[in-house]
Structure formats: structure tokens, C-alpha cells
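The data block below is run-v8.cif; it holds mmCIF, C-alpha atoms.
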data_coords
#
loop_
_atom_site.label_atom_id
_atom_site.label_comp_id
_atom_site.auth_asym_id
_atom_site.auth_seq_id
_atom_site.Cartn_x
_atom_site.Cartn_y
_atom_site.Cartn_z
CA MET A 839 102.76 173.21 132.07
CA LYS A 840 105.45 174.78 129.92
CA THR A 841 104.23 175.73 126.48
CA LYS A 842 106.35 176.48 123.46
CA LEU A 843 104.76 178.20 120.49
CA CYS A 844 106.70 177.90 117.27
CA PHE A 845 105.39 179.82 114.30
CA PHE A 846 104.95 177.10 111.70
CA ASP A 847 101.51 178.56 110.97
CA ASP A 848 99.08 181.17 112.30
CA TYR A 849 97.48 178.78 114.78
CA TYR A 850 97.80 181.16 117.73
CA ILE A 851 98.66 184.40 115.94
CA ALA A 852 95.99 187.11 115.96
CA ALA A 853 97.78 189.50 113.56
CA ARG A 854 101.26 190.08 112.16
CA PRO A 855 101.42 193.29 110.10
CA GLY A 856 104.65 194.03 108.28
CA THR A 857 106.04 190.51 108.67
CA VAL A 858 106.82 187.50 106.51
CA ARG A 859 107.13 183.84 107.40
CA ARG A 860 110.40 182.19 106.40
CA ARG A 861 111.15 178.49 106.21
CA PHE A 862 114.69 177.12 106.50
CA GLN A 863 116.23 173.77 105.67
CA PRO A 864 118.81 171.97 107.79
CA LYS A 865 122.36 171.65 106.50
CA LYS A 866 124.20 168.39 106.24
CA LEU A 867 126.61 167.90 109.12
CA GLY A 868 128.17 164.67 107.93
CA GLU A 869 127.90 160.91 107.70
CA PHE A 870 128.40 158.12 110.19
CA TYR A 871 130.22 155.07 108.87
CA ASP A 872 130.89 152.13 111.17
CA GLY A 873 133.86 150.80 109.18
CA THR A 874 132.06 147.96 107.39
CA ASP A 875 130.32 147.66 104.04
CA ARG A 876 127.04 146.66 105.66
CA LEU A 877 123.83 148.52 105.04
CA GLN A 878 123.06 151.04 107.82
CA THR A 879 119.42 151.93 108.30
CA TYR A 880 116.63 152.82 110.77
CA THR A 881 118.13 155.00 113.49
CA SER A 882 117.29 156.13 117.02
CA PHE A 883 119.37 159.14 118.04
CA PHE A 884 119.07 161.04 121.32
CA TYR A 885 121.08 162.50 124.17
CA ASP A 886 121.11 159.96 126.98
CA HIS A 887 121.18 161.84 130.29
CA LYS A 888 121.67 158.58 132.20
CA ALA A 889 124.80 157.61 130.24
CA GLY A 890 125.88 161.23 129.71
CA LYS A 891 126.42 160.60 126.01
CA TYR A 892 124.72 160.88 122.65
CA ARG A 893 123.48 157.48 121.58
CA LEU A 894 122.84 156.22 118.06
CA TYR A 895 121.07 152.89 117.56
CA TYR A 896 121.07 151.58 114.01
CA GLU A 897 120.44 148.34 112.16
CA VAL A 898 122.78 146.30 109.96
CA PRO A 899 122.02 143.07 108.05
CA LYS A 900 122.89 139.84 109.79
CA SER A 901 125.68 137.95 108.06
CA GLY A 902 124.36 135.99 105.08
CA ALA A 903 120.74 136.94 105.73
CA GLY A 904 120.11 139.61 103.06
CA THR A 905 119.03 143.16 103.80
CA GLU A 906 115.72 142.45 105.54
CA VAL A 907 117.02 140.48 108.53
CA ARG A 908 119.08 142.67 110.81
CA GLU A 909 120.79 143.12 114.13
CA LEU A 910 120.90 146.23 116.30
CA ILE A 911 124.13 148.14 116.96
CA LEU A 912 124.80 150.98 119.43
CA ALA A 913 127.26 153.80 118.79
CA GLN A 914 127.83 156.42 121.50
CA ALA A 915 129.94 159.56 121.81
CA ASP A 916 130.38 162.74 123.83
CA ARG A 917 129.72 165.07 120.87
CA VAL A 918 127.61 164.86 117.74
CA GLU A 919 130.68 165.53 115.60
CA ASP A 920 132.35 162.41 117.04
CA PHE A 921 129.94 160.30 114.97
CA THR A 922 130.83 162.03 111.71
CA SER A 923 134.59 162.02 112.44
CA GLY A 924 134.80 158.31 113.26
CA LYS A 925 135.36 158.69 117.02
CA ALA A 926 132.19 156.98 118.25
CA GLU A 927 132.36 153.90 120.46
CA LEU A 928 130.57 150.82 119.07
CA LEU A 929 128.75 148.40 121.37
CA SER A 930 126.92 145.15 120.66
CA ILE A 931 123.29 144.75 121.74
CA THR A 932 122.32 141.53 123.48
CA GLY A 933 119.06 139.88 124.48
CA LEU A 934 117.11 140.36 121.24
CA ASP A 935 115.75 137.58 119.05
CA GLU A 936 118.66 135.65 117.54
CA ASN A 937 116.73 135.21 114.29
CA GLY A 938 116.91 138.92 113.64
CA ILE A 939 114.99 142.16 114.02
CA HIS A 940 113.68 144.85 111.66
CA GLY A 941 112.46 148.43 112.02
CA CYS A 942 113.33 148.95 115.71
CA SER A 943 113.47 152.20 117.66
CA VAL A 944 114.84 152.79 121.16
CA MET A 945 114.05 155.49 123.73
CA TRP A 946 115.15 156.38 127.25
CA ASP A 947 112.10 156.44 129.53
CA GLU A 948 112.41 158.79 132.49
CA LYS A 949 109.18 157.42 133.95
CA THR A 950 110.48 153.85 134.44
CA GLY A 951 114.22 154.55 134.41
CA GLN A 952 114.62 152.04 131.60
CA TYR A 953 115.44 151.92 127.92
CA LEU A 954 112.46 150.78 125.87
CA LEU A 955 112.43 149.23 122.40
CA ALA A 956 109.75 148.50 119.80
CA GLY A 957 110.10 146.74 116.45
CA ASN A 958 109.63 143.48 114.53
CA PHE A 959 111.21 140.11 115.25
CA ARG A 960 111.48 136.61 113.74
CA ALA A 961 112.57 138.58 110.71
CA ASN A 962 113.98 135.54 108.87
CA ASP A 963 110.45 134.30 108.13
CA ARG A 964 108.10 136.95 106.76
CA THR A 965 105.00 134.87 107.50
CA ALA A 966 106.02 134.56 111.17
CA ARG A 967 107.09 138.15 111.78
CA CYS A 968 105.30 140.23 114.37
CA MET A 969 105.78 143.37 116.46
CA PHE A 970 107.39 143.22 119.88
CA THR A 971 108.65 145.35 122.74
CA ALA A 972 111.63 144.91 125.06
CA ARG A 973 113.26 146.64 128.03
CA SER A 974 116.81 147.33 129.20
CA GLU A 975 118.47 148.77 132.29
CA ASP A 976 121.55 150.01 130.43
CA GLY A 977 120.46 150.25 126.79
CA ILE A 978 122.78 147.39 125.89
CA SER A 979 121.28 144.19 127.34
CA PHE A 980 117.57 143.86 126.56
CA PHE A 981 115.02 141.55 128.18
CA ASP A 982 111.27 140.98 128.55
CA MET A 983 110.59 140.59 124.82
CA LYS A 984 106.82 140.49 124.27
CA GLN A 985 104.69 140.20 121.16
CA ILE A 986 102.24 143.11 121.00
CA TYR A 987 100.76 142.77 117.51
CA GLY A 988 100.34 139.68 115.35
CA ASP A 989 101.09 141.31 112.00
CA TYR A 990 104.29 142.74 110.58
CA SER A 991 104.84 146.49 110.36
CA ASP A 992 107.39 146.49 107.56
CA THR A 993 108.83 149.92 108.38
CA TYR A 994 110.49 151.97 111.08
CA ASN A 995 108.35 151.72 114.20
CA SER A 996 108.89 154.98 116.07
CA LEU A 997 108.48 154.72 119.85
CA TYR A 998 107.94 157.80 122.04
CA TYR A 999 106.22 158.86 125.25
CA ASN A 1000 103.32 161.30 125.14
CA ARG A 1001 103.42 163.18 128.45
CA HIS A 1002 100.07 164.85 127.79
CA THR A 1003 98.08 161.64 127.49
CA GLU A 1004 100.57 159.69 129.65
CA GLU A 1005 100.83 157.00 126.99
CA TYR A 1006 103.55 155.22 125.10
CA VAL A 1007 102.97 155.53 121.36
CA ILE A 1008 104.30 153.58 118.39
CA THR A 1009 103.92 154.88 114.85
CA MET A 1010 103.73 151.96 112.43
CA ARG A 1011 101.98 150.45 109.42
CA ALA A 1012 99.13 148.09 110.18
CA ALA A 1013 100.19 145.56 107.51
CA VAL A 1014 103.15 144.86 105.26
CA MET A 1015 101.86 146.78 102.22
CA ASP A 1016 99.70 149.32 104.07
CA ARG A 1017 101.28 152.64 103.12
CA ARG A 1018 99.40 154.68 105.71
CA ILE A 1019 100.58 155.76 109.15
CA ALA A 1020 98.94 154.22 112.19
CA VAL A 1021 99.57 154.43 115.93
CA MET A 1022 99.34 151.96 118.79
CA ARG A 1023 99.09 153.24 122.36
CA SER A 1024 99.73 151.88 125.84
CA LYS A 1025 99.47 153.30 129.36
CA ASP A 1026 101.82 150.71 130.89
CA PHE A 1027 103.97 149.42 128.01
CA GLU A 1028 102.19 146.09 128.43
CA ALA A 1029 98.66 146.29 126.99
CA TRP A 1030 98.50 147.97 123.57
CA SER A 1031 95.62 149.30 121.53
CA GLN A 1032 94.89 148.06 118.03
CA PRO A 1033 96.36 150.20 115.22
CA GLU A 1034 94.56 153.47 114.48
CA ILE A 1035 95.21 155.26 111.16
CA ILE A 1036 96.29 158.90 111.65
CA LEU A 1037 97.75 159.86 108.24
CA HIS A 1038 96.61 158.85 104.77
CA PRO A 1039 98.53 159.89 101.63
CA MET A 1040 96.97 162.23 99.09
CA SER A 1041 97.20 161.67 95.36
CA ALA A 1042 100.12 163.18 93.43
CA GLN A 1043 100.42 164.02 89.76
CA GLY A 1044 101.96 161.16 87.83
CA GLU A 1045 103.34 159.45 90.93
CA GLY A 1046 101.87 157.03 93.41
CA MET A 1047 102.63 158.67 96.75
CA GLN A 1048 102.77 156.37 99.74
CA TYR A 1049 103.64 157.04 103.37
CA TYR A 1050 106.45 154.76 104.46
CA ALA A 1051 107.14 155.81 108.05
CA LEU A 1052 106.72 158.61 110.57
CA GLY A 1053 109.61 159.20 112.94
CA VAL A 1054 108.43 161.16 116.00
CA SER A 1055 110.65 162.98 118.52
CA GLU A 1056 109.83 165.47 121.25
CA ALA A 1057 112.33 168.32 121.48
CA ASP A 1058 111.79 170.92 124.21
CA GLY A 1059 108.00 170.67 124.22
CA VAL A 1060 107.37 170.23 120.49
CA PHE A 1061 106.60 166.89 118.85
CA TYR A 1062 108.34 166.74 115.48
CA GLY A 1063 107.15 164.24 112.90
CA LEU A 1064 109.47 163.37 110.02
CA LEU A 1065 107.13 161.84 107.46
CA TRP A 1066 108.85 159.52 105.04
CA ARG A 1067 107.24 160.14 101.64
CA PHE A 1068 107.69 157.33 99.09
CA MET A 1069 107.09 158.32 95.44
CA THR A 1070 106.52 155.26 93.25
CA ASP A 1071 106.16 155.00 89.48
CA ILE A 1072 102.61 154.01 88.53
CA GLY A 1073 103.20 154.67 84.83
CA GLN A 1074 104.24 151.06 84.23
CA ALA A 1075 102.07 148.00 84.81
CA ASP A 1076 104.66 145.89 86.60
CA PHE A 1077 102.43 145.71 89.69
CA SER A 1078 105.37 145.98 92.08
CA ASP A 1079 104.68 149.49 93.45
CA MET A 1080 108.21 149.43 94.84
CA GLY A 1081 110.54 151.46 92.63
CA GLY A 1082 110.86 155.14 93.47
CA TYR A 1083 112.55 157.88 95.45
CA MET A 1084 112.03 158.87 99.09
CA GLU A 1085 112.25 162.11 101.03
CA ASN A 1086 110.82 163.71 104.20
CA ASP A 1087 108.15 166.25 105.03
CA LEU A 1088 108.20 168.01 108.42
CA TYR A 1089 105.08 167.80 110.59
CA TYR A 1090 104.54 169.08 114.13
CA SER A 1091 102.14 168.39 116.96
CA HIS A 1092 101.09 170.00 120.23
CA ASP A 1093 99.50 166.85 121.67
CA GLY A 1094 101.76 164.12 120.30
CA ILE A 1095 99.00 162.45 118.25
CA HIS A 1096 97.55 164.95 115.77
CA PHE A 1097 100.21 166.19 113.36
CA SER A 1098 100.04 169.23 111.09
CA PRO A 1099 102.26 169.96 108.06
CA THR A 1100 104.72 172.84 108.35
CA GLY A 1101 105.15 173.62 104.66
CA LEU A 1102 108.69 172.19 104.69
CA SER A 1103 108.35 169.65 101.92
CA PRO A 1104 110.94 168.25 101.73
CA VAL A 1105 112.51 169.12 105.06
CA ALA A 1106 115.95 168.63 103.44
CA GLN A 1107 116.79 168.52 99.76
CA ARG A 1108 118.20 165.31 98.34
CA PRO A 1109 121.77 165.94 97.14
CA LEU A 1110 122.99 165.29 93.63
CA PRO A 1111 124.31 161.83 92.65
CA PRO A 1112 126.45 160.09 93.69
CA GLU A 1113 126.11 161.44 97.27
CA TYR A 1114 124.32 159.45 99.93
CA GLY A 1115 120.68 160.48 99.89
CA CYS A 1116 120.50 161.34 96.18
CA SER A 1117 117.74 158.72 95.69
CA GLN A 1118 116.43 158.15 99.20
CA LEU A 1119 116.74 160.44 102.21
CA TRP A 1120 114.88 159.28 105.30
CA LEU A 1121 115.50 161.43 108.37
CA LEU A 1122 113.86 159.89 111.43
CA ASN A 1123 115.07 161.55 114.67
CA VAL A 1124 115.16 165.11 116.03
CA CYS A 1125 117.45 165.95 118.97
CA ASP A 1126 118.26 169.28 120.63
CA THR A 1127 121.85 169.82 121.76
CA ALA A 1128 123.25 171.80 124.68
CA ASP A 1129 124.89 174.30 122.32
CA GLY A 1130 121.61 175.48 120.78
CA ARG A 1131 121.35 173.25 117.72
CA THR A 1132 118.76 170.80 116.50
CA ILE A 1133 120.16 167.60 115.00
CA LEU A 1134 118.30 165.43 112.50
CA CYS A 1135 119.47 161.85 112.02
CA GLY A 1136 118.44 159.11 109.61
CA GLY A 1137 119.45 157.13 106.58
CA ALA A 1138 120.50 158.02 103.05
CA SER A 1139 120.74 155.80 99.97
CA ARG A 1140 122.33 156.24 96.57
CA ILE A 1141 119.90 153.89 94.79
CA ALA A 1142 116.13 153.96 94.37
CA HIS A 1143 113.91 151.91 96.66
CA GLY A 1144 113.13 148.57 95.06
CA SER A 1145 116.30 148.54 92.97
CA SER A 1146 118.68 145.63 92.91
CA TYR A 1147 121.22 146.10 95.67
CA PRO A 1148 124.79 146.31 94.31
CA LYS A 1149 127.15 143.70 95.67
CA ASP A 1150 130.35 145.72 95.32
CA ASP A 1151 129.25 149.18 96.44
CA LYS A 1152 128.29 150.73 99.75
CA PHE A 1153 125.03 152.40 98.78
CA CYS A 1154 123.50 153.38 102.14
CA ASN A 1155 124.78 155.32 105.15
CA THR A 1156 123.63 157.09 108.31
CA VAL A 1157 123.56 160.88 107.99
CA PHE A 1158 123.33 163.88 110.33
CA TYR A 1159 121.83 167.28 109.52
CA GLU A 1160 121.76 170.37 111.73
CA ILE A 1161 119.71 173.53 112.08
CA PRO A 1162 119.56 176.19 114.84
CA LYS A 1163 117.18 175.35 117.68
CA ASP A 1164 113.55 175.89 116.58
CA GLY A 1165 115.14 177.00 113.32
CA PHE A 1166 112.75 175.46 110.80
CA VAL A 1167 110.37 178.43 110.63
CA ALA A 1168 110.57 182.07 111.75
CA VAL A 1169 108.49 185.22 111.49
CA GLU A 1170 110.60 188.13 110.26
CA GLY A 1171 110.00 191.88 110.38
CA PHE A 1172 111.81 194.92 108.98
CA GLY A 1173 110.80 197.96 111.01
CA LYS A 1174 109.13 199.24 114.17
CA SER A 1175 105.72 198.64 112.60
CA SER A 1176 106.49 194.91 112.13
CA ILE A 1177 104.64 193.33 115.05
CA VAL A 1178 103.30 189.86 115.86
CA TYR A 1179 100.24 189.72 118.14
CA THR A 1180 99.09 186.49 119.77
CA LYS A 1181 95.62 185.48 120.81
CA PRO A 1182 94.85 185.70 124.57
CA VAL A 1183 96.51 183.37 127.06
CA LEU A 1184 96.20 182.80 130.80
CA MET A 1185 99.57 183.34 132.48
CA GLU A 1186 100.30 180.68 135.12
CA SER A 1187 103.78 181.91 136.06
CA ASP A 1188 105.95 184.93 135.28
CA ASP A 1189 108.44 183.06 133.08
CA ILE A 1190 108.68 184.21 129.46
CA PHE A 1191 111.51 183.14 127.17
CA VAL A 1192 112.08 183.85 123.49
CA ASN A 1193 114.21 182.38 120.73
CA TYR A 1194 115.10 185.26 118.41
CA ASN A 1195 117.74 186.62 116.02
CA ALA A 1196 118.33 190.36 115.93
CA ALA A 1197 122.03 190.23 115.05
CA ARG A 1198 121.55 193.23 112.77
CA GLY A 1199 118.42 194.69 114.34
CA GLU A 1200 116.41 194.94 117.53
CA PHE A 1201 113.79 192.81 119.24
CA ALA A 1202 111.25 193.99 121.83
CA MET A 1203 108.20 192.47 123.52
CA ALA A 1204 105.04 193.94 125.05
CA VAL A 1205 102.33 192.31 127.13
CA LEU A 1206 98.83 193.60 126.37
CA ASP A 1207 95.48 193.06 128.02
CA ALA A 1208 93.04 190.64 126.39
CA ASP A 1209 91.52 193.43 124.27
CA GLY A 1210 94.91 194.56 122.97
CA GLY A 1211 95.31 197.55 125.28
CA ALA A 1212 98.60 198.55 126.86
CA ILE A 1213 99.53 197.37 130.36
CA ALA A 1214 101.58 199.93 132.30
CA GLY A 1215 105.20 198.87 132.59
CA TYR A 1216 104.96 196.19 129.88
CA THR A 1217 104.98 198.27 126.68
CA PHE A 1218 107.54 198.12 123.88
CA ASP A 1219 109.12 201.30 125.21
CA ASP A 1220 109.42 199.75 128.69
CA CYS A 1221 111.09 196.61 127.32
CA ILE A 1222 114.87 196.50 127.54
CA PRO A 1223 115.88 196.25 123.84
CA MET A 1224 117.32 192.89 122.79
CA CYS A 1225 119.99 192.63 120.12
CA GLY A 1226 122.13 189.73 118.95
CA CYS A 1227 120.53 186.30 119.12
CA ALA A 1228 119.61 183.75 121.79
CA THR A 1229 117.70 180.48 121.90
CA ASP A 1230 116.16 180.82 125.38
CA ALA A 1231 116.38 184.46 126.49
CA PRO A 1232 114.29 185.92 129.34
CA VAL A 1233 112.47 189.15 128.51
CA ALA A 1234 112.90 192.10 130.90
CA TRP A 1235 111.11 195.42 131.37
CA ARG A 1236 112.82 198.42 132.99
CA GLU A 1237 110.38 198.96 135.85
CA LYS A 1238 109.42 195.32 136.35
CA GLU A 1239 112.06 193.27 138.11
CA SER A 1240 109.33 190.71 138.71
CA ARG A 1241 106.44 189.84 136.42
CA GLU A 1242 104.26 188.40 139.18
CA SER A 1243 101.54 190.95 138.42
CA LEU A 1244 100.87 189.05 135.17
CA VAL A 1245 100.22 185.70 136.86
CA GLY A 1246 96.57 184.73 136.69
CA LYS A 1247 95.84 187.42 134.09
CA ARG A 1248 94.37 187.04 130.62
CA VAL A 1249 96.86 188.74 128.29
CA ARG A 1250 98.22 188.88 124.76
CA PHE A 1251 101.86 188.88 123.72
CA ALA A 1252 103.20 191.32 121.14
CA PHE A 1253 106.64 191.11 119.52
CA ARG A 1254 108.26 193.97 117.62
CA LEU A 1255 110.66 192.71 114.98
CA ASN A 1256 112.87 195.54 113.79
CA SER A 1257 115.08 193.67 111.29
CA ALA A 1258 114.67 190.62 113.51
CA LEU A 1259 113.38 187.05 113.39
CA LEU A 1260 111.25 185.31 116.01
CA TRP A 1261 111.55 181.54 116.20
CA SER A 1262 109.52 180.70 119.32
CA VAL A 1263 108.18 181.87 122.68
CA SER A 1264 108.05 179.67 125.78
CA PHE A 1265 105.94 180.29 128.90
CA ASN A 1266 103.66 178.63 131.41
CA GLY A 1267 100.08 179.24 130.39
CA LYS A 1268 96.87 178.15 128.70
CA PRO A 1269 94.73 179.42 125.82
CA TYR A 1270 92.06 181.83 127.02
CA LEU A 1271 89.88 183.14 124.22
CA LYS A 1272 86.34 183.31 125.63
CA LYS A 1273 86.92 180.61 128.24
CA VAL A 1274 90.13 179.19 129.61
CA GLN A 1275 91.04 175.88 127.99
CA ASN A 1276 92.77 172.90 129.54
CA SER A 1277 95.96 173.47 127.56
CA PHE A 1278 97.27 174.08 124.07
CA PHE A 1279 97.11 170.31 123.70
CA ASP A 1280 93.50 169.94 124.87
CA ALA A 1281 90.86 172.36 123.55
CA ARG A 1282 88.23 171.59 126.19
CA SER A 1283 87.25 174.42 128.52
CA MET A 1284 87.94 174.15 132.21
#
Representation of the structure as C-alpha cells:
Amino acid sequence: MKTKLCFFDDYYIAARPGTVRRRFQPKKLGEFYDGTDRLQTYTSFFYDHKAGKYRLYYEVPKSGAGTEVRELILAQADRVEDFTSGKAELLSITGLDENGIHGCSVMWDEKTGQYLLAGNFRANDRTARCMFTARSEDGISFFDMKQIYGDYSDTYNSLYYNRHTEEYVITMRAAVMDRRIAVMRSKDFEAWSQPEIILHPMSAQGEGMQYYALGVSEADGVFYGLLWRFMTDIGQADFSDMGGYMENDLYYSHDGIHFSPTGLSPVAQRPLPPEYGCSQLWLLNVCDTADGRTILCGGASRIAHGSSYPKDDKFCNTVFYEIPKDGFVAVEGFGKSSIVYTKPVLMESDDIFVNYNAARGEFAMAVLDADGGAIAGYTFDDCIPMCGCATDAPVAWREKESRESLVGKRVRFAFRLNSALLWSVSFNGKPYLKKVQNSFFDARSM
């Protein structure tokens, strides 16, 4: 199975002399405005290979129903910039509960060839609200609405498929005021497990930190979790626990269930007032593009959560941010002694690809034996030097047109960063410290 190692931490790094770890924030690409003054919130953004377009699902309040009761809208376009320039095509969604929905997410499921949806319905009556799922053949007309949980997850309910456990997963909150992150799982999209808490907020100085939502997306083998951090004011005894600002932390996962922080907190800075996002910035989706970018999509508000909603001002919008592919964290070096060494892996094929930037330097790779010794033909000096930058570049050695001699071997990777940055390495392999393990996602030995 293809493995991508990003360098958010030192999880699989053995040593990295002469290097530093750098963290980068995405830049705002623009805003999506659908031409109305209605609140836009809770997004699902992905490239739809079936439709051949980028699709953005978002919620707007139903007419006369307040902000909690919503309907789902679809916008689609050929390019990401079409959303921010007003060129997206708007389509109405049919087949969902006529009383309204809340906190829905949509995904394209390659396994079933359908579009799948999870969220809350009967949203006009809080006491009767519950979680449901639905299906669609075209992503426009939904059917087969089924209740899967009897309580109301008053948040964004992120739906994704975990290919390692072969399960559908929903991140949610187990009750209306439960500010922890839970998951529900299903093998068949029919029978679902009861909620299981996976993230619990820590205390914060002077502020009551709560976790509002976790938007999960898989992008090229990495599960990204955008954790929506809600900072409330507990200095006043009004007992509402509602007023406060919101922003995101970036988490990642190898197995799609257990998420680790990356140190990017927040993943994107809130802008100054009066820009959208100055009080609340909730990015929810991560999507890789064909031109080597990673797009983050979500909502942005100009007023604090729990504030009175202004009647004569558009205070919330959908926003897009961008960053180079795998571009959140890199390891950087400044000379020929700046080297990153990995722990041993078992090579299962001869494919090795790197995402690097040596626009003003040079990048080289060596393959070592498990003890760190040189392998003839795979040293730094044998490597064809790599300059410039690329997101998915094959590595080549002068005397090795094929790397088949590495297949089945226990080896280490070494990367020389001479004024260069390394974002990620992709290959087919498994961890092999003392014993070979099932995968990077499953620590059990074979």
C-alpha cells in the first residue's frame, strides 16, 4: 500500500542533523458568495471525478426559519478560482427532509459509486432532531434517508471513508452541548456504532476551550483533521457558555481514527476586522488540486459565536485558502551536512517519490541498509542532483535505471538538503524496525 510520510513530527525520523522544521500557514484565496444575503455555513468541498468538476456543498437558512434550520445547496465549477470569481453553477438539492437539515457533509464514495450524506434532520424542532444518512446517484437528488442516532449532534458532522479499516466514519458530538469530538463507524453505511469519544479539550488560561467540530479529509494518503476550537468567556457568570471566538488547529492521522497535532495552531490566522473570519474562522475541508496545490474550504464570520445576528448585514461567508501540496510542514537544511535519516522500512516496490523545494539549492537522496551503511549505487554521490521544486518527483541514481534490487529489502532513506526543503516522501512499504509491521497505520507485527 502506498505510504506518504509528511514531516509534521519526528515519528519516523531517526536523525536530522543540521536541519530545522518549518511550519507554514495557508494564504487566503478568496470568498464564495452565492448572491444572496443568507448565512453560508458548513461546507463539503472536493474534486468530483465522476462529474469532472469541483463541488461545494453548503448550507443556507430556510426562508423564515432562523439560522438553525437550513437547506443544502450545491455549487460546482471547473476551477477553484471560479468559486471566488462568481462563475460557479448553483444547483438545488432535492430529496432531503422538507423540515430542514443542519450540519451535513457530503462525499463521493468510489466503493459504491454513490454520493453519501450525513447530518441532522427535523431541524425545526430541537427536541425531535436526530442524525441521518442519505444516498444519491448524481449528488443532486438524494434518497434512502435513515435515522442512525437518536440524539442531535449540533455541529458539522464530517463523513469520510477509512480505507485502512474499510469503514465509513462520522465525526460528531454525542449530544447538543457535548463539546468533545466523537466518531461513529459503519462497515456498510447501514449499521452504525454508538459514539466513541476520540478528542477531549484541555484547559486554557482564562478561557473555556471547547471542541466544536472536526472536519476530516483524506488527501493523497494523509488524513487531515481541521479541529474547530471554540474559546468561550468563563469570566462572567451568565451560564451561557456560548460567546467567544473560533479558529482551527491542524491534526493529522495515518489510520484515519487517531489524530495527532501538527503544531499549527491556528492553521490560519484570523484576519483583522471587518474581514470575514475576524471573529470565527472554521475551515473544514482539505482538497488537493491537479496543479499541485492544497485547498482549504470552510466558513468565516465577522461576529462572535453566540452574538445577536445582525438583520441588515451579511456577517458570514464561505472562504477558500491555499497552500502548496503537503506544504504545511517541511524539514529544511542549509549545507551538505544537513541530512534527514529515516528509521528502517521494508520496500515492497521500487517506486520512490519526493515533494521538495530546492529552487535555490540542491536535493539528493541515498538509500542505506538497515544499520545505516551505504548501498552501492544508491549513495548521495550516485544520485542525480535535483534542483528546482516538484510535488511528486521520482528519484534517480546514475547506475540504477531500475530499483528492483531494493524490493524486499530492509533499508533506510537519507535526504541531503543543501539549501532545500523536504515536504514528503511517498513509497510502497512497511515499517521494519526489529520486526516487519502490518503498515504505518497498524503497529502489529506480521
Subject >> Length of the CA of Arg859 in chain A to CA of Thr1132 in chain A vector [Å] >> reply: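 Rounded to one decimal, the two atoms are 19.7 Å apart.
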**OP:** Run the PyMOL selection byres ((chain A and resi 975-991) around 6) mentally over the shown coordinates, then write out the matched residues as a ChimeraX atom specification, using the chain letters and numbers from the document.
**Re:** /A:931-933,952-953,967-974,992-993,1010-1014
**OP:** For Ile1213 in chain A, work out the shell of residues within 10 Å, counting only C-alpha atoms and skipping chain neighbours fewer than 4 positions away, then give it as an MDAnalysis selection string.
**Re:** chainID A and resid 1204:1207 1217 1244 1249
Original post:
Nearest to Ser996 in chain A: which of A:Leu1255, A:Leu1037, A:Leu1052, A:Met1022 is it, counting all atoms listed in the file?
Top reply: A:Leu1052
Original post:
Could you spell out the hits of the PyMOL selection byres ((chain A and resi 1097) around 9) on the shown file, as a list in words?
Top reply: Ile1036, Leu1037, Phe1061, Tyr1062, Gly1063, Tyr1089, Tyr1090, Ser1091, His1092, Asp1093, Gly1094, Ile1095, His1096, Ser1098 and Pro1099 of chain A
Original post:
What does the distance from CA of Gly1046 in chain A to CA of Gln863 in chain A come to in Å, to one decimal?
Top reply: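 Straight-line distance from CA of Gly1046 in chain A to CA of Gln863 in chain A works out to 25.2 Å.
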Subject >> A:Gly1059, A:Pro1112, A:Gly1165, A:Gly1073 ranked by distance to Asn1266 in chain A, top pick (using all atoms listed in the file) >> reply: A:Gly1059
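One finds CA of Asp1189 in chain A at 7.5 Å from CA of Pro1232 in chain A.
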Go through the shown structure with the PyMOL selection byres ((chain A and resi 1115) around 6) and write out the matching residues as a compact mmCIF listing (two decimals) with C-alpha atoms, in the coordinates of the input.
# COMPACT_ATOMS: atom_id res chain seq x y z
CA ARG A 1108 118.20 165.31 98.34
CA TYR A 1114 124.32 159.45 99.93
CA CYS A 1116 120.50 161.34 96.18
CA SER A 1117 117.74 158.72 95.69
CA GLN A 1118 116.43 158.15 99.20
CA LEU A 1119 116.74 160.44 102.21
CA ALA A 1138 120.50 158.02 103.05
CA SER A 1139 120.74 155.80 99.97
CA ARG A 1140 122.33 156.24 96.57
Subject >> Among listed residues A:Glu1005, A:Asp847, A:Asp916, A:Glu927, nearest Asp947 in chain A (using only C-alpha atoms) >> reply: A:Glu1005
Subject >> Among listed residues A:Gly1171, A:Pro1182, A:Gly1199, A:Pro1223, nearest Lys1273 in chain A (using only C-alpha atoms) >> reply: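 Going through A:Gly1171, A:Pro1182, A:Gly1199, A:Pro1223 one by one, the smallest distance to Lys1273 in chain A is for A:Pro1182.
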Original post:
Taking all atoms listed in the file into account, which of A:Trp1120, A:Phe1279, A:Phe1158, A:Phe1253 comes nearest Ser1175 in chain A?
Top reply: A:Phe1253
Subject >> Best match for closeness to Tyr999 in chain A among A:Leu955, A:Met1284, A:Ala1020, A:Ala1042, counting all atoms listed in the file >> reply: A:Leu955
Val898 in chain A surroundings by all atoms listed in the file, 6 Å radius, close-in-sequence under 3 positions cut, as a PDB file with C-alpha atoms, keeping the file's coordinate frame:
ATOM      1  CA  LEU A 877     123.830 148.520 105.040  1.00  0.00           C
ATOM      2  CA  GLN A 878     123.060 151.040 107.820  1.00  0.00           C
ATOM      3  CA  ARG A 908     119.080 142.670 110.810  1.00  0.00           C
ATOM      4  CA  GLU A 909     120.790 143.120 114.130  1.00  0.00           C
TER       5      GLU A 909
END
Return the padded bounding box of range 1109-1118 of chain A as JSON: axis-aligned, built from all atoms listed in the file, 5 Å added on each side, with centre and edge lengths in Å to one decimal.
{"center_x": 121.4, "center_y": 162.0, "center_z": 96.3, "size_x": 20.0, "size_y": 17.8, "size_z": 17.3}
Range 1047-1074 of chain A written out with C-alpha atoms as a tab-separated table (two decimals), in the first residue's frame:
chain	number	residue	atom	x	y	z
A	1047	MET	CA	-11.87	25.91	25.43
A	1048	GLN	CA	-14.36	23.60	23.78
A	1049	TYR	CA	-14.10	21.45	20.67
A	1050	TYR	CA	-16.87	22.33	18.26
A	1051	ALA	CA	-16.19	20.11	15.23
A	1052	LEU	CA	-13.54	18.08	13.44
A	1053	GLY	CA	-13.59	18.19	9.66
A	1054	VAL	CA	-11.68	15.22	8.23
A	1055	SER	CA	-10.42	14.84	4.65
A	1056	GLU	CA	-8.02	12.37	3.06
A	1057	ALA	CA	-5.64	13.98	0.58
A	1058	ASP	CA	-3.18	11.70	-1.22
A	1059	GLY	CA	-2.81	9.22	1.62
A	1060	VAL	CA	-2.88	11.61	4.58
A	1061	PHE	CA	-5.94	12.18	6.78
A	1062	TYR	CA	-6.13	15.85	7.70
A	1063	GLY	CA	-8.23	16.90	10.67
A	1064	LEU	CA	-9.27	20.54	10.96
A	1065	LEU	CA	-10.21	20.88	14.62
A	1066	TRP	CA	-12.62	23.71	15.29
A	1067	ARG	CA	-11.50	25.28	18.59
A	1068	PHE	CA	-14.17	27.34	20.39
A	1069	MET	CA	-12.85	29.77	23.03
A	1070	THR	CA	-15.61	30.90	25.39
A	1071	ASP	CA	-15.56	33.51	28.14
A	1072	ILE	CA	-15.89	31.87	31.55
A	1073	GLY	CA	-15.08	35.09	33.41
A	1074	GLN	CA	-18.76	36.03	33.63
